[in-house]
Amino acid sequence: MSILRVEDYQPIARDRLTPEVWDFVEGGSGAERTLAANRQAFEDMTLRPRVLVDVSDPDPGTALFGTPLATPVGVAPTAYHRLMHPDGELATARGAGAAGALYVVSVFASQPLEEIAKAATGPLWLQLYWLRRRDALVALVERAEAADFRALVLTVDAPRIGRRLRDARNGFAIDPDVRAVNLDAALTATSHERSEGSSALDRHAAEEFDPTITWADLAWLRARTRLPIVLKGILTAEDAQLALDHGVDAVVVSNHGGRQLDQAPASLHALGEVVAGLGGRMPVLVDGGVRTGTDVFCALALGASAVLLGRPVLWGLAADGADGVAGALDLVTAELVHTMTLTGRPRLSDIDGTAVAR
Ligand code: FNR
């Protein structure tokens, strides 16, 4: 079958994965309202095309923290890529590199950071959860710096894991052959222990994530790295302002793909208030429900500097390894370029609030 939209990877991926891994990928938390809202917010947008503009050479190129990127479409951090494909994160790194895209590697990657870095031909950022074991956190930061990762992304919307009912019903646990190899085995044991009616990931996070941390703790991390610090999971102007006050370098507007607080706002809706609050003082990325180049265009028009794709990259990875990852990213970028052409906005800097309407 020809792949003409990222959703074309979805049935192929579904066929390759067990039903419980599929539920882990696709599911949200609670009644999955935020999961649905993320998509609806994009569906509600319309574009305001301008005509008689020279669109002979549209350019989706951009840069973040001084690193040039062929596209503003990057890979969101998602855990355990070896559940999707035997080549796991190495395939993701190759695919992202081929597409000229940023790849944010999850702290729960199933291959070593150093090997992912070797496979990569594009920039990598490392995503972290704040673990109770600060020594483990420091070790990860040091390894990321040594392996030339370009930024740290601290996910702040998960002091505990959201109530993911599909995983609880499935008694989901991570296959013991697939491990979060960048963490000490003692730290990850619970995520492999099955128990009927509950998710091992929920039990694992309750054990290992530190729910006591506050804004004041960011100084501890800041003192331990020279890398830019990005906060992922910001949904309000108040928290965006606090991020600025605490010396954070960028934020990702995200509700974790509808997997954390259900009834949280759609990412695209939260983007507006975060961008307005920050007034251009730091880059704002966004993720959640982005499936087409038109969605990317809308996010950029509302002030995002870049967008990240979560599930679509996993569909591509499961369906076709590195080629599927590159395929998903290239497709969305090609759609973005097409939209830039037909709206008369050939540069990313031409995509402003006048380009869209709700
Ligand atoms: C995630 N996400 C995530 N986020 C994070 O900070 N660390 C992680 O390890 C993971 N793991 C993870 C696994 C899976 C299977 C999914 C689907 C998601 C959230 C992710 O980074 C991103 O916020 C959302 O996936 C974006 O929404 P879409 O593009 O999936 O709709």
# chains A, B, ... in the order shown; residues from 1 in each chain; ligands from 1
>>> residues_around(residues="Val21 in chain A", least_positions_apart="5", cutoff="9 Å", atoms="only C-alpha atoms", output="PyMOL selection string")
chain A and resi 26+83-84+167+172+174
>>> select_by_dssp(residues="range 27-235 of chain A", states="alpha helix (DSSP H)", output="NGL selection string")
:A and (33-43 or 88-99 or 113-119 or 134-146 or 165-170 or 185-188 or 200-208 or 218-222)
>>> atom_distance(atom1="CA of Val6 in chain A", atom2="CA of Gly344 in chain A")
24.3 Å
>>> residues_around(residues="range 1-3 of chain A", least_positions_apart="5", cutoff="9 Å", atoms="only C-alpha atoms", output="ChimeraX atom specification")
/A:8-9,327-328,331
>>> write_last_selection(atoms="N, CA, C and O atoms", output="PDB file, in the first residue's frame")
ATOM      1  N   ASP A   8      -1.547   6.085   7.470  1.00  0.00           N
ATOM      2  CA  ASP A   8      -1.419   4.869   6.667  1.00  0.00           C
ATOM      3  C   ASP A   8      -0.456   3.861   7.302  1.00  0.00           C
ATOM      4  O   ASP A   8      -0.492   2.674   6.987  1.00  0.00           O
ATOM      5  N   TYR A   9       0.410   4.338   8.199  1.00  0.00           N
ATOM      6  CA  TYR A   9       1.287   3.398   8.925  1.00  0.00           C
ATOM      7  C   TYR A   9       0.548   2.669  10.048  1.00  0.00           C
ATOM      8  O   TYR A   9       1.006   1.637  10.529  1.00  0.00           O
ATOM      9  N   GLY A 327      10.031   8.129   6.943  1.00  0.00           N
ATOM     10  CA  GLY A 327       8.844   8.291   6.104  1.00  0.00           C
ATOM     11  C   GLY A 327       7.796   9.160   6.777  1.00  0.00           C
ATOM     12  O   GLY A 327       7.229  10.070   6.148  1.00  0.00           O
ATOM     13  N   ALA A 328       7.532   8.902   8.059  1.00  0.00           N
ATOM     14  CA  ALA A 328       6.514   9.677   8.779  1.00  0.00           C
ATOM     15  C   ALA A 328       6.942  11.143   8.875  1.00  0.00           C
ATOM     16  O   ALA A 328       6.151  12.062   8.619  1.00  0.00           O
ATOM     17  N   LEU A 331       6.924  12.853   5.391  1.00  0.00           N
ATOM     18  CA  LEU A 331       5.570  13.075   4.898  1.00  0.00           C
ATOM     19  C   LEU A 331       4.964  14.327   5.528  1.00  0.00           C
ATOM     20  O   LEU A 331       4.413  15.194   4.823  1.00  0.00           O
TER      21      LEU A 331
END
>>> closest_residue(among="A:Tyr103, A:Tyr80, A:Phe42, A:Phe65", to="Ala318 in chain A", atoms="only C-alpha atoms")
A:Tyr80
>>> select_by_dssp(residues="range 136-344 of chain A", states="strand (DSSP E or B)", output="list in words")
Leu152, Val153, Leu154, Thr155, Ser195, Ser198, Phe209, Ile229, Val230, Leu231, Lys232, Gly233, Ile234, Ala250, Val251, Val252, Val253, Val284, Leu285, Val286, Asp287, Ala306, Val307, Leu308 and Leu309 of chain A
>>> closest_residue(among="A:Arg347, A:Arg5, A:His269, A:His81", to="ligand 1", atoms="only C-alpha atoms and all ligand atoms")
A:His81
>>> residues_around(residues="range 175-183 of chain A", least_positions_apart="5", cutoff="6 Å", atoms="only C-alpha atoms", output="VMD selection string")
chain A and resid 108 to 112 192
>>> write_last_selection(atoms="C-alpha atoms", output="short mmCIF file (atom, residue, chain, number, x, y, z; two decimals), in the first residue's frame")
data_model
loop_
_atom_site.label_atom_id
_atom_site.label_comp_id
_atom_site.auth_asym_id
_atom_site.auth_seq_id
_atom_site.Cartn_x
_atom_site.Cartn_y
_atom_site.Cartn_z
CA PHE A 108 13.26 4.89 29.11
CA ALA A 109 15.00 4.19 25.80
CA SER A 110 15.69 0.50 25.30
CA GLN A 111 19.15 1.01 23.83
CA PRO A 112 22.24 2.72 25.28
CA HIS A 192 8.46 -5.87 34.27
#
>>> residues_near_ligand(ligand="ligand 1", cutoff="8 Å", atoms="only C-alpha atoms and all ligand atoms", output="PyMOL selection string")
chain A and resi 24-27+35+38-39+76-80+106-109+127-129+153-155+232-233+254-259+287-291+308-312+314
